[in-house]
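Source file: run.txt. Holds: compact mmCIF, C-alpha atoms and all ligand atoms.
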```txt
# COMPACT_ATOMS: atom_id res chain seq x y z
CA MET A 14 206.55 0.31 102.75
CA SER A 15 205.63 -3.27 101.99
CA VAL A 16 203.05 -4.70 99.66
CA CYS A 17 199.75 -5.60 101.27
CA ALA A 18 199.25 -9.27 101.94
CA ILE A 19 195.86 -10.23 100.60
CA HIS A 20 193.63 -11.72 103.25
CA ALA A 21 195.34 -14.56 105.01
CA GLU A 22 192.83 -16.84 106.72
CA MET A 23 191.33 -15.64 109.98
CA ILE A 24 193.01 -18.24 112.15
CA GLY A 25 190.94 -18.20 115.29
CA HIS A 26 187.69 -17.61 113.42
CA PRO A 27 186.53 -20.61 111.41
CA HIS A 28 183.15 -19.03 110.73
CA PHE A 29 184.52 -15.78 109.32
CA HIS A 30 186.35 -16.12 106.01
CA TYR A 31 186.98 -14.53 102.65
CA ARG A 32 184.87 -15.43 99.66
CA ASP A 33 185.35 -13.62 96.38
CA ASP A 34 187.71 -11.24 98.17
CA VAL A 35 185.10 -10.11 100.69
CA LEU A 36 185.09 -11.06 104.35
CA HIS A 37 181.97 -13.01 105.25
CA GLY A 38 180.38 -14.03 108.53
CA GLU A 39 179.13 -17.52 107.65
CA VAL A 40 177.72 -16.72 104.20
CA VAL A 41 176.78 -13.09 104.82
CA PRO A 42 179.14 -10.53 103.21
CA LEU A 43 180.20 -8.14 105.95
CA ASP A 44 180.40 -5.11 103.65
CA LYS A 45 176.68 -5.54 103.01
CA LEU A 46 175.95 -5.66 106.74
CA ALA A 47 178.02 -2.53 107.31
CA ALA A 48 176.18 -0.72 104.51
CA GLU A 49 172.75 -1.74 105.76
CA LEU A 50 173.24 -1.40 109.50
CA GLY A 51 176.06 1.13 109.78
CA THR A 52 179.23 0.88 111.86
CA PRO A 53 180.54 0.37 114.48
CA LEU A 54 178.75 -2.95 114.43
CA TYR A 55 179.29 -6.12 116.43
CA VAL A 56 178.74 -9.24 114.31
CA TYR A 57 178.51 -12.70 115.86
CA SER A 58 178.19 -16.08 114.16
CA ARG A 59 175.49 -18.42 115.43
CA ALA A 60 177.42 -21.45 114.15
CA ALA A 61 180.55 -20.28 115.95
CA LEU A 62 178.68 -19.95 119.24
CA GLY A 63 177.29 -23.46 118.86
CA ALA A 64 180.65 -24.89 117.85
CA ALA A 65 182.41 -23.35 120.85
CA LEU A 66 179.89 -24.80 123.29
CA GLY A 67 180.00 -28.06 121.33
CA ARG A 68 183.73 -28.37 122.01
CA TYR A 69 182.98 -28.39 125.74
CA GLN A 70 180.02 -30.72 125.39
CA GLN A 71 181.94 -33.22 123.28
CA ALA A 72 184.86 -33.08 125.69
CA ILE A 73 182.51 -33.74 128.60
CA GLY A 74 180.82 -36.77 127.04
CA ASP A 75 178.98 -38.53 129.85
CA ARG A 76 181.12 -37.10 132.64
CA PRO A 77 179.20 -35.12 135.29
CA VAL A 78 180.11 -31.58 134.23
CA LEU A 79 177.86 -28.54 134.04
CA VAL A 80 178.96 -25.69 131.79
CA CYS A 81 177.82 -22.39 133.29
CA TYR A 82 178.58 -19.77 130.66
CA GLY A 83 180.41 -16.80 132.25
CA MET A 84 177.97 -14.38 130.72
CA LYS A 85 179.86 -11.20 131.59
CA ALA A 86 181.80 -11.94 128.40
CA ASN A 87 178.74 -11.31 126.23
CA SER A 88 175.31 -10.96 127.74
CA ASN A 89 173.18 -10.25 124.68
CA LEU A 90 169.82 -11.98 125.12
CA ALA A 91 170.17 -13.78 121.80
CA VAL A 92 173.54 -15.21 122.82
CA LEU A 93 172.13 -16.31 126.18
CA GLY A 94 169.04 -17.76 124.53
CA GLU A 95 171.15 -19.77 122.11
CA PHE A 96 173.32 -21.20 124.89
CA ALA A 97 170.24 -21.96 127.01
CA ARG A 98 168.68 -23.79 124.07
CA LEU A 99 171.87 -25.82 123.68
CA GLY A 100 171.75 -26.85 127.33
CA ALA A 101 174.23 -24.52 129.05
CA GLY A 102 173.83 -23.03 132.48
CA PHE A 103 175.09 -19.58 133.46
CA ASP A 104 177.56 -17.98 135.83
CA ILE A 105 176.07 -14.65 136.91
CA VAL A 106 177.54 -11.82 138.97
CA SER A 107 174.60 -9.47 139.48
CA GLY A 108 170.85 -9.14 139.72
CA GLY A 109 170.95 -7.66 136.24
CA GLU A 110 172.61 -10.75 134.83
CA LEU A 111 170.05 -12.95 136.60
CA ALA A 112 167.24 -10.96 134.98
CA ARG A 113 168.87 -11.44 131.58
CA VAL A 114 169.16 -15.21 132.07
CA LEU A 115 165.50 -15.43 133.02
CA ALA A 116 164.44 -13.20 130.12
CA ALA A 117 166.41 -15.38 127.69
CA GLY A 118 164.76 -18.58 128.93
CA GLY A 119 167.75 -19.89 130.92
CA ASP A 120 167.21 -22.59 133.53
CA PRO A 121 167.81 -21.18 137.05
CA SER A 122 168.67 -24.64 138.36
CA LYS A 123 171.80 -24.38 136.19
CA VAL A 124 172.81 -20.92 137.46
CA VAL A 125 175.70 -20.20 139.82
CA PHE A 126 175.96 -16.74 141.36
CA SER A 127 179.53 -15.40 141.76
CA GLY A 128 180.87 -11.99 142.75
CA VAL A 129 182.45 -10.29 145.77
CA GLY A 130 179.73 -7.76 146.56
CA LYS A 131 176.29 -9.30 146.32
CA GLN A 132 173.56 -7.07 147.69
CA ALA A 133 170.59 -8.32 149.69
CA TRP A 134 168.11 -7.65 146.85
CA GLU A 135 170.28 -9.64 144.46
CA MET A 136 170.46 -12.54 146.90
CA ARG A 137 166.69 -12.43 147.35
CA ALA A 138 166.04 -12.49 143.61
CA ALA A 139 168.39 -15.44 143.15
CA ILE A 140 166.88 -17.41 146.03
CA GLU A 141 163.44 -16.63 144.61
CA ALA A 142 164.57 -18.00 141.23
CA ASP A 143 166.07 -21.01 143.08
CA VAL A 144 169.53 -20.87 141.53
CA LYS A 145 171.81 -23.87 141.82
CA CYS A 146 174.45 -22.29 144.03
CA PHE A 147 175.93 -19.08 145.46
CA ASN A 148 179.69 -18.80 145.17
CA VAL A 149 180.37 -16.91 148.39
CA GLU A 150 183.52 -14.82 148.63
CA SER A 151 183.74 -13.69 152.28
CA GLN A 152 182.53 -14.44 155.79
CA ASP A 153 180.46 -11.24 155.82
CA GLU A 154 178.68 -12.49 152.74
CA LEU A 155 177.90 -15.82 154.46
CA TYR A 156 176.12 -13.99 157.28
CA ARG A 157 174.17 -11.75 154.93
CA LEU A 158 173.11 -14.62 152.70
CA SER A 159 172.03 -16.74 155.64
CA ASP A 160 169.93 -13.86 157.01
CA VAL A 161 168.29 -13.20 153.66
CA ALA A 162 167.51 -16.88 153.06
CA GLN A 163 166.21 -17.37 156.58
CA GLY A 164 163.97 -14.34 156.20
CA MET A 165 162.44 -16.03 153.17
CA GLY A 166 162.06 -19.34 155.00
CA ARG A 167 164.61 -20.90 152.70
CA ARG A 168 168.16 -22.25 152.71
CA ALA A 169 170.62 -21.06 150.12
CA ARG A 170 173.03 -23.57 148.60
CA VAL A 171 176.60 -22.34 148.83
CA SER A 172 180.12 -22.98 147.69
CA LEU A 173 182.95 -20.91 149.07
CA ARG A 174 185.15 -19.34 146.47
CA VAL A 175 188.60 -20.08 147.72
CA ASN A 176 191.68 -18.29 146.61
CA PRO A 177 194.28 -20.99 146.02
CA ASP A 178 197.17 -18.52 145.60
CA VAL A 179 198.34 -19.76 142.23
CA ASP A 180 199.77 -17.61 139.48
CA ALA A 181 197.62 -17.86 136.37
CA GLN A 182 200.42 -16.23 134.34
CA THR A 183 198.08 -13.82 132.63
CA HIS A 184 197.58 -10.03 132.58
CA PRO A 185 197.54 -8.70 136.18
CA TYR A 186 194.09 -7.12 135.66
CA ILE A 187 192.56 -10.48 134.80
CA SER A 188 194.51 -12.63 137.24
CA THR A 189 192.32 -13.40 140.22
CA GLY A 190 193.78 -16.33 142.15
CA LEU A 191 196.70 -14.65 143.88
CA LYS A 192 196.83 -13.72 147.58
CA GLU A 193 196.80 -10.02 146.78
CA ASN A 194 193.57 -10.21 144.73
CA LYS A 195 190.25 -9.14 146.24
CA PHE A 196 188.61 -12.41 145.26
CA GLY A 197 187.68 -15.39 147.36
CA ILE A 198 188.70 -16.63 150.78
CA ALA A 199 192.36 -17.53 151.33
CA ILE A 200 192.66 -21.28 151.13
CA GLU A 201 194.14 -21.53 154.60
CA ASP A 202 191.13 -19.67 156.06
CA ALA A 203 188.65 -21.80 154.13
CA PRO A 204 188.14 -24.64 156.67
CA GLU A 205 187.11 -22.11 159.32
CA ALA A 206 184.79 -20.32 156.87
CA TYR A 207 183.21 -23.66 155.96
CA ARG A 208 182.71 -24.43 159.65
CA VAL A 209 180.88 -21.09 159.98
CA ALA A 210 178.82 -21.75 156.83
CA ALA A 211 177.82 -25.23 157.98
CA GLY A 212 176.57 -23.76 161.24
CA LEU A 213 174.40 -21.03 159.74
CA PRO A 214 170.67 -21.78 159.59
CA GLY A 215 170.01 -20.22 156.18
CA LEU A 216 172.76 -22.05 154.33
CA GLU A 217 173.42 -25.48 152.90
CA VAL A 218 177.03 -26.21 151.92
CA VAL A 219 177.24 -27.99 148.57
CA GLY A 220 180.49 -27.11 146.86
CA VAL A 221 183.96 -25.66 146.60
CA ASP A 222 184.66 -22.97 144.01
CA CYS A 223 187.62 -21.14 142.54
CA HIS A 224 188.39 -18.99 139.52
CA ILE A 225 192.04 -18.18 139.07
CA GLY A 226 192.07 -15.85 136.10
CA SER A 227 191.23 -15.32 132.48
CA GLN A 228 192.91 -15.93 129.12
CA LEU A 229 194.89 -18.89 130.51
CA THR A 230 197.00 -20.56 127.87
CA ASP A 231 198.40 -23.32 130.03
CA ILE A 232 196.70 -26.08 132.02
CA SER A 233 199.21 -26.20 134.87
CA PRO A 234 197.71 -23.35 136.96
CA TYR A 235 194.35 -25.18 136.88
CA LEU A 236 196.01 -28.36 138.09
CA ASP A 237 197.90 -26.54 140.84
CA ALA A 238 194.61 -25.03 142.00
CA LEU A 239 192.84 -28.37 141.72
CA GLU A 240 195.34 -30.12 143.99
CA LYS A 241 194.81 -27.46 146.64
CA LEU A 242 191.04 -27.71 146.28
CA ILE A 243 191.16 -31.47 146.69
CA ASP A 244 193.25 -31.06 149.85
CA LEU A 245 190.52 -28.77 151.12
CA VAL A 246 187.78 -31.26 150.23
CA ASP A 247 189.73 -33.88 152.22
CA THR A 248 189.92 -31.55 155.22
CA LEU A 249 186.22 -30.78 155.00
CA LYS A 250 185.34 -34.44 154.72
CA ALA A 251 187.28 -35.14 157.90
CA ALA A 252 185.27 -32.35 159.56
CA GLY A 253 181.99 -33.95 158.44
CA ILE A 254 181.25 -31.46 155.66
CA ALA A 255 180.36 -33.27 152.43
CA ILE A 256 180.93 -31.63 149.05
CA GLU A 257 178.78 -32.39 145.99
CA HIS A 258 180.55 -30.35 143.36
CA LEU A 259 183.79 -28.61 142.52
CA ASP A 260 183.61 -25.42 140.46
CA LEU A 261 186.85 -24.64 138.63
CA GLY A 262 185.67 -21.31 137.24
CA GLY A 263 186.35 -20.10 133.72
CA GLY A 264 189.51 -18.83 132.17
CA LEU A 265 190.44 -20.95 129.15
CA GLY A 266 192.10 -18.63 126.69
CA ILE A 267 191.50 -18.07 123.00
CA ARG A 268 193.75 -17.28 120.08
CA TYR A 269 194.13 -13.54 119.57
CA THR A 270 197.50 -13.77 117.80
CA ASP A 271 199.55 -16.93 118.03
CA GLU A 272 198.42 -18.35 121.36
CA VAL A 273 197.72 -22.07 121.41
CA PRO A 274 195.35 -22.42 124.33
CA PRO A 275 194.55 -25.89 125.66
CA SER A 276 191.32 -27.45 124.45
CA PRO A 277 188.41 -28.12 126.80
CA LYS A 278 189.11 -31.82 126.29
CA ALA A 279 192.76 -31.51 127.32
CA LEU A 280 191.70 -29.62 130.43
CA LEU A 281 188.93 -32.02 131.40
CA ASP A 282 190.96 -35.15 130.75
CA GLN A 283 193.70 -33.94 133.04
CA VAL A 284 191.30 -32.73 135.70
CA PHE A 285 189.44 -36.03 135.81
CA GLU A 286 192.70 -37.95 135.86
CA ARG A 287 193.77 -36.02 138.97
CA LEU A 288 190.35 -36.37 140.59
CA ALA A 289 190.31 -40.12 140.02
CA ALA A 290 193.85 -40.46 141.36
CA ARG A 291 192.74 -38.75 144.57
CA GLY A 292 189.57 -40.83 144.92
CA TYR A 293 187.13 -38.16 143.75
CA GLY A 294 186.25 -39.47 140.30
CA HIS A 295 182.57 -39.21 141.22
CA LEU A 296 182.60 -35.48 142.09
CA HIS A 297 180.45 -33.26 139.90
CA LEU A 298 182.26 -30.42 138.19
CA VAL A 299 181.12 -26.94 137.22
CA LEU A 300 183.02 -24.86 134.68
CA GLU A 301 182.37 -21.17 134.01
CA PRO A 302 183.88 -20.45 130.59
CA GLY A 303 183.18 -17.04 129.13
CA ARG A 304 185.75 -15.88 126.59
CA SER A 305 186.31 -19.33 125.07
CA LEU A 306 182.60 -19.61 124.20
CA VAL A 307 182.18 -16.24 122.51
CA GLY A 308 185.50 -14.49 121.90
CA ASN A 309 186.20 -15.81 118.44
CA ALA A 310 182.53 -15.93 117.51
CA GLY A 311 182.49 -12.19 116.88
CA VAL A 312 184.10 -9.25 115.12
CA LEU A 313 183.65 -5.52 115.40
CA LEU A 314 183.19 -3.71 112.11
CA THR A 315 184.37 -0.14 111.84
CA THR A 316 184.76 2.33 108.97
CA VAL A 317 187.80 4.45 108.20
CA GLN A 318 186.90 8.12 108.55
CA PHE A 319 190.19 9.88 107.91
CA LEU A 320 193.79 9.03 107.22
CA LYS A 321 196.33 11.27 108.81
CA HIS A 322 199.95 11.00 107.80
CA ALA A 323 201.53 12.83 110.71
CA GLN A 324 205.25 13.41 111.17
CA ALA A 325 205.88 10.60 113.60
CA ARG A 326 203.08 8.23 112.69
CA ASN A 327 200.29 7.36 110.31
CA PHE A 328 196.84 7.32 111.83
CA ALA A 329 193.74 5.64 110.52
CA ILE A 330 190.90 7.32 112.36
CA VAL A 331 187.92 5.00 112.48
CA ASP A 332 184.37 5.28 113.78
CA ALA A 333 184.83 2.76 116.61
CA ALA A 334 186.59 3.82 119.78
CA MET A 335 187.61 2.77 123.26
CA ASN A 336 184.02 3.19 124.39
CA ASP A 337 183.01 0.43 121.94
CA LEU A 338 185.99 -1.90 122.50
CA LEU A 339 187.89 -1.07 125.66
CA ARG A 340 190.31 -4.00 125.71
CA PRO A 341 193.22 -2.37 123.81
CA SER A 342 193.11 0.77 125.99
CA LEU A 343 192.63 -1.07 129.27
CA TYR A 344 194.89 -4.08 128.85
CA THR A 345 196.97 -3.13 125.80
CA ALA A 346 195.19 -6.11 124.27
CA TRP A 347 195.95 -7.10 120.71
CA HIS A 348 193.04 -7.68 118.34
CA GLY A 349 193.60 -8.82 114.78
CA LEU A 350 192.50 -6.33 112.14
CA ARG A 351 191.46 -7.02 108.57
CA ALA A 352 189.95 -5.14 105.70
CA VAL A 353 186.53 -6.46 104.77
CA ARG A 354 187.45 -5.77 101.10
CA PRO A 355 191.24 -5.96 101.01
CA ARG A 356 193.06 -3.73 98.55
CA SER A 357 196.28 -4.49 96.84
CA GLY A 358 199.05 -1.95 96.78
CA GLU A 359 201.59 -0.36 99.04
CA ALA A 360 201.02 -0.89 102.74
CA ARG A 361 201.74 1.72 105.35
CA THR A 362 202.11 1.26 109.07
CA TYR A 363 199.12 2.71 110.91
CA ASP A 364 197.89 3.29 114.39
CA VAL A 365 194.16 2.66 114.22
CA VAL A 366 192.48 5.09 116.58
CA GLY A 367 189.01 6.26 117.51
CA PRO A 368 187.47 9.73 117.73
CA ILE A 369 187.55 9.93 121.55
CA CYS A 370 189.49 12.74 123.16
CA GLU A 371 192.12 10.61 124.89
CA SER A 372 195.52 9.49 123.67
CA GLY A 373 194.64 6.11 125.14
CA ASP A 374 191.86 5.77 122.60
CA TRP A 375 193.38 3.30 120.18
CA LEU A 376 192.26 -0.04 118.81
CA ALA A 377 195.39 -1.32 117.09
CA LYS A 378 198.93 0.01 116.81
CA GLY A 379 201.62 -0.39 114.22
CA ARG A 380 199.59 -2.38 111.69
CA GLU A 381 200.55 -2.76 108.04
CA LEU A 382 197.46 -1.72 106.09
CA CYS A 383 196.37 -0.66 102.62
CA VAL A 384 193.35 1.46 103.44
CA GLN A 385 191.40 4.38 102.12
CA GLN A 386 188.69 6.56 103.55
CA GLY A 387 185.41 4.64 103.71
CA ASP A 388 186.99 1.19 103.95
CA VAL A 389 185.37 -1.18 106.42
CA LEU A 390 187.71 -3.00 108.80
CA ALA A 391 187.01 -5.95 111.07
CA LEU A 392 188.54 -6.18 114.54
CA GLU A 393 188.86 -9.85 115.35
CA SER A 394 188.13 -11.78 118.55
CA ALA A 395 185.67 -9.13 119.65
CA GLY A 396 182.88 -11.46 120.78
CA ALA A 397 184.05 -11.51 124.40
CA TYR A 398 184.33 -8.45 126.66
CA GLY A 399 183.53 -6.19 123.72
CA MET A 400 179.94 -4.99 123.89
CA THR A 401 179.61 -5.85 127.59
CA MET A 402 182.38 -3.38 128.43
CA ALA A 403 181.13 -0.66 126.08
CA SER A 404 180.17 2.71 127.51
CA ASN A 405 178.72 6.01 126.39
CA TYR A 406 181.92 7.98 126.97
CA ASN A 407 181.96 11.16 124.86
CA SER A 408 178.16 10.68 124.59
CA ARG A 409 178.63 8.10 121.91
CA PRO A 410 175.69 5.76 121.33
CA ARG A 411 176.74 2.14 121.75
CA PRO A 412 176.92 -0.09 118.65
CA ALA A 413 174.27 -2.42 117.29
CA GLU A 414 174.77 -6.19 117.53
CA VAL A 415 173.84 -8.64 114.81
CA ILE A 416 174.00 -12.43 114.57
CA VAL A 417 174.59 -14.10 111.22
CA ASP A 418 173.05 -17.50 110.70
CA GLY A 419 173.91 -19.14 107.40
CA GLY A 420 172.79 -16.60 104.80
CA LYS A 421 170.46 -14.78 107.20
CA TYR A 422 171.13 -12.21 109.86
CA TYR A 423 169.26 -10.94 112.90
CA VAL A 424 169.73 -7.57 114.56
CA VAL A 425 169.78 -8.64 118.22
CA ARG A 426 170.40 -5.20 119.62
CA GLN A 427 169.44 -1.93 117.98
CA ARG A 428 172.05 0.77 117.72
CA GLU A 429 171.51 3.28 120.54
CA SER A 430 170.13 6.67 119.63
CA ILE A 431 171.25 9.98 121.10
CA ALA A 432 167.93 10.00 122.99
CA ASP A 433 168.90 6.63 124.52
CA VAL A 434 172.18 8.13 125.65
CA MET A 435 170.39 10.93 127.54
CA ARG A 436 167.55 8.78 128.85
CA GLY A 437 166.78 9.34 132.51
CA GLU A 438 168.66 12.63 132.77
CA SER A 439 167.15 16.06 133.33
CA THR A 440 168.24 19.65 133.78
CA LEU A 441 167.75 21.45 137.10
CA PRO A 442 164.50 23.41 137.63
N1 LIG A 501 183.89 -16.97 136.48
C1 LIG A 501 184.25 -15.90 137.21
C2 LIG A 501 184.01 -15.89 138.64
C3 LIG A 501 184.87 -14.80 136.57
O1 LIG A 501 185.23 -13.76 137.30
C4 LIG A 501 185.09 -14.83 135.16
C5 LIG A 501 185.70 -13.71 134.49
C6 LIG A 501 184.66 -15.97 134.45
C7 LIG A 501 184.09 -17.02 135.14
C8 LIG A 501 184.86 -16.10 132.97
O2 LIG A 501 186.20 -16.12 132.64
P1 LIG A 501 186.67 -16.37 131.13
O3 LIG A 501 186.35 -17.80 130.79
O4 LIG A 501 185.95 -15.43 130.26
O5 LIG A 501 188.12 -16.12 131.16
N2 LIG A 501 187.49 -8.05 130.83
C9 LIG A 501 188.63 -8.95 130.78
C10 LIG A 501 188.30 -10.30 131.33
C11 LIG A 501 187.78 -10.25 132.75
C12 LIG A 501 187.38 -11.60 133.27
C13 LIG A 501 186.63 -11.44 134.55
N3 LIG A 501 186.14 -12.68 135.10
C14 LIG A 501 189.14 -9.03 129.34
O6 LIG A 501 188.57 -8.36 128.48
O7 LIG A 501 190.10 -9.71 129.06
```
Written as structure tokens, how would this file's structure read?
Amino acid sequence: MSVCAIHAEMIGHPHFHYRDDVLHGEVVPLDKLAAELGTPLYVYSRAALGAALGRYQQAIGDRPVLVCYGMKANSNLAVLGEFARLGAGFDIVSGGELARVLAAGGDPSKVVFSGVGKQAWEMRAAIEADVKCFNVESQDELYRLSDVAQGMGRRARVSLRVNPDVDAQTHPYISTGLKENKFGIAIEDAPEAYRVAAGLPGLEVVGVDCHIGSQLTDISPYLDALEKLIDLVDTLKAAGIAIEHLDLGGGLGIRYTDEVPPSPKALLDQVFERLAARGYGHLHLVLEPGRSLVGNAGVLLTTVQFLKHAQARNFAIVDAAMNDLLRPSLYTAWHGLRAVRPRSGEARTYDVVGPICESGDWLAKGRELCVQQGDVLALESAGAYGMTMASNYNSRPRPAEVIVDGGKYYVVRQRESIADVMRGESTLP
């Protein structure tokens, strides 16, 4: 057993810090939030959201780049509304996400629509809203989109999502730019697909798109993809197909442990350097960052229910579970864990697990903690792919979400009730 280290700084989280030995979100003590609103509870910082988008906006300066927030990372209306207010566009992947953008006051002319399986009703809704561009992922989709647009007397603007076959060097589940992935059109088939697109009456070709993966901690895969995309733009130009924008997708990583991901500025500087060198300094760019805008703007609070000192292991059983934060179970992802009110004393090594009936239901393994029943813990870096991947498994109501703003806080999603969990179901007559 070792002695508990008292609250080192939360490295990736500048807007969450200890004051008077209590973890705060901005200037709101998180133990107070947990007491008032219960746990599990997602807490986001408004300042952190703004700062993350600000890093992109400052890096962009007056270069022609549109940031379309990859909203699958966190689609709470308040988060979307804040980004819309600050000038961001959105990368959507479903009719549901489009509805959220519109409800939050987002500007459809800054929306790109990605995804491998768009249905006709989703295409119709997006054409109706007049989104900026469809990122089309197959030839079948080109035909469907053209038909839908034509039926509405419109033309849909399209980019083809090409698969540049580069290794993003990230977890296989979140790597998307390899030949074996289901995403996009193989880069060698792209010229033919563009020829088809250019000939379809309901379509207008405007861009080239790719997204190679998520949680990238190195710029080189982006640059490898970029070179291949520029080659394609050259080929298309020679075939008389002009391109207005290049969409490089999302994927910039964040710090969960000791990663040092590249900054938006480092990425953009290198991208523009390559573009200029190849004679495309004027091309407009679209980026679709998700995780890097929200991941370290949020924590998940959870309360210790029981401590179990079993033969092989110590377990801290908490009230959050894999249904609330799936990333550890699904990707063996590592999330930092801190006591909201750290104790001093002897630490023990714990597996922090939830109440769900699966051995895979764990949130953190092998952590040195000084904890007692009733202590509130914060899982770090939970702002991205936390709540959006939550489910009702084991008939557990999903958590509430709250945004702190200076000394104030706003509940931006009520905790689900048991009635919510059963809504829409019925027994047989
Ligand atoms: N654009 C497209 C087309 C995407 O598929 C994604 C994410 C993004 C943008 C945003 O990527 P980001 O900047 O967040 O890396 N659930 C996984 C991550 C899945 C990412 C899926 N696509 C996780 O929890 O790590």
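The interatomic distance for the pair atom CA of A:Val312 and atom CA of A:Val331 works out to 15.0 Å.
Atom CA of A:Tyr422 lies 28.5 Å from atom CA of A:Pro368.
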Q. Got a sec to check which residues lie within 8 Å of ligand LIG 501 (chain A), using only C-alpha atoms and all ligand atoms, and send them as a PyMOL selection string?
A. chain A and resi 82-86+104+106+127-128+186-187+189+223-224+226-229+262-266+300-306+339-340+344+346+397-399+402
(Q) Taking (165.6, -15.6, 125.1) in the coordinates of the supplied file, I want to know which residues reach to within 6 Å of it, counting only C-alpha atoms; could you give the answer as a count of residues only? (A) 6
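Every protein, DNA or RNA residue with an atom at most 12 Å from A:Ser233, where only C-alpha atoms count and chain neighbours fewer than 6 positions away do not, is listed here: Val179, Asp180, Ala181, Gln182, Ile225, Leu239, Glu240, Leu265, Pro274, Pro275, Ala279, Leu280, Gln283, Val284 and Arg287 of chain A.
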Give me, as a PDB file with C-alpha atoms, keeping the file's coordinate frame, all polymer residues having an atom no more than 8 Å from stretch 165-177 of chain A, counting all atoms listed in the file and skipping those fewer than 4 positions away in the same chain.
```pdb
ATOM      1  CA  ILE A 140     166.880 -17.410 146.030  1.00  0.00           C
ATOM      2  CA  LYS A 145     171.810 -23.870 141.820  1.00  0.00           C
ATOM      3  CA  CYS A 146     174.450 -22.290 144.030  1.00  0.00           C
ATOM      4  CA  PHE A 147     175.930 -19.080 145.460  1.00  0.00           C
ATOM      5  CA  ASN A 148     179.690 -18.800 145.170  1.00  0.00           C
ATOM      6  CA  VAL A 149     180.370 -16.910 148.390  1.00  0.00           C
ATOM      7  CA  GLU A 150     183.520 -14.820 148.630  1.00  0.00           C
ATOM      8  CA  SER A 151     183.740 -13.690 152.280  1.00  0.00           C
ATOM      9  CA  LEU A 158     173.110 -14.620 152.700  1.00  0.00           C
ATOM     10  CA  SER A 159     172.030 -16.740 155.640  1.00  0.00           C
ATOM     11  CA  VAL A 161     168.290 -13.200 153.660  1.00  0.00           C
ATOM     12  CA  GLY A 190     193.780 -16.330 142.150  1.00  0.00           C
ATOM     13  CA  LEU A 191     196.700 -14.650 143.880  1.00  0.00           C
ATOM     14  CA  LYS A 192     196.830 -13.720 147.580  1.00  0.00           C
ATOM     15  CA  PHE A 196     188.610 -12.410 145.260  1.00  0.00           C
ATOM     16  CA  GLY A 197     187.680 -15.390 147.360  1.00  0.00           C
ATOM     17  CA  ILE A 198     188.700 -16.630 150.780  1.00  0.00           C
ATOM     18  CA  ALA A 199     192.360 -17.530 151.330  1.00  0.00           C
ATOM     19  CA  ILE A 200     192.660 -21.280 151.130  1.00  0.00           C
ATOM     20  CA  ALA A 203     188.650 -21.800 154.130  1.00  0.00           C
ATOM     21  CA  TYR A 207     183.210 -23.660 155.960  1.00  0.00           C
ATOM     22  CA  PRO A 214     170.670 -21.780 159.590  1.00  0.00           C
ATOM     23  CA  GLY A 215     170.010 -20.220 156.180  1.00  0.00           C
ATOM     24  CA  LEU A 216     172.760 -22.050 154.330  1.00  0.00           C
ATOM     25  CA  GLU A 217     173.420 -25.480 152.900  1.00  0.00           C
ATOM     26  CA  VAL A 218     177.030 -26.210 151.920  1.00  0.00           C
ATOM     27  CA  VAL A 219     177.240 -27.990 148.570  1.00  0.00           C
ATOM     28  CA  GLY A 220     180.490 -27.110 146.860  1.00  0.00           C
ATOM     29  CA  VAL A 221     183.960 -25.660 146.600  1.00  0.00           C
ATOM     30  CA  ASP A 222     184.660 -22.970 144.010  1.00  0.00           C
ATOM     31  CA  CYS A 223     187.620 -21.140 142.540  1.00  0.00           C
ATOM     32  CA  HIS A 224     188.390 -18.990 139.520  1.00  0.00           C
ATOM     33  CA  ILE A 225     192.040 -18.180 139.070  1.00  0.00           C
ATOM     34  CA  ALA A 238     194.610 -25.030 142.000  1.00  0.00           C
ATOM     35  CA  LYS A 241     194.810 -27.460 146.640  1.00  0.00           C
ATOM     36  CA  LEU A 242     191.040 -27.710 146.280  1.00  0.00           C
TER      37      LEU A 242
END
```
Q. Which residues come within 8 Å of A:Asp332, counting all atoms listed in the file, excluding same-chain residues fewer than 4 positions away, as a ChimeraX atom specification?
A. /A:52-53,315-318,367-368
Please extract stretch 71-84 of chain A and write it out with C-alpha atoms, as a PDB file, in the first residue's frame.
```
ATOM      1  CA  GLN A  71      -7.187  31.253 -33.508  1.00  0.00           C
ATOM      2  CA  ALA A  72      -5.218  28.704 -35.508  1.00  0.00           C
ATOM      3  CA  ILE A  73      -7.369  29.410 -38.561  1.00  0.00           C
ATOM      4  CA  GLY A  74      -6.977  33.188 -38.429  1.00  0.00           C
ATOM      5  CA  ASP A  75      -8.117  34.492 -41.805  1.00  0.00           C
ATOM      6  CA  ARG A  76      -7.520  31.239 -43.671  1.00  0.00           C
ATOM      7  CA  PRO A  77     -10.617  29.799 -45.407  1.00  0.00           C
ATOM      8  CA  VAL A  78     -11.470  26.998 -42.975  1.00  0.00           C
ATOM      9  CA  LEU A  79     -14.884  25.966 -41.700  1.00  0.00           C
ATOM     10  CA  VAL A  80     -15.015  24.023 -38.444  1.00  0.00           C
ATOM     11  CA  CYS A  81     -17.926  21.575 -38.559  1.00  0.00           C
ATOM     12  CA  TYR A  82     -18.171  20.127 -35.063  1.00  0.00           C
ATOM     13  CA  GLY A  83     -18.415  16.303 -35.234  1.00  0.00           C
ATOM     14  CA  MET A  84     -21.443  16.335 -32.992  1.00  0.00           C
TER      15      MET A  84
END
```
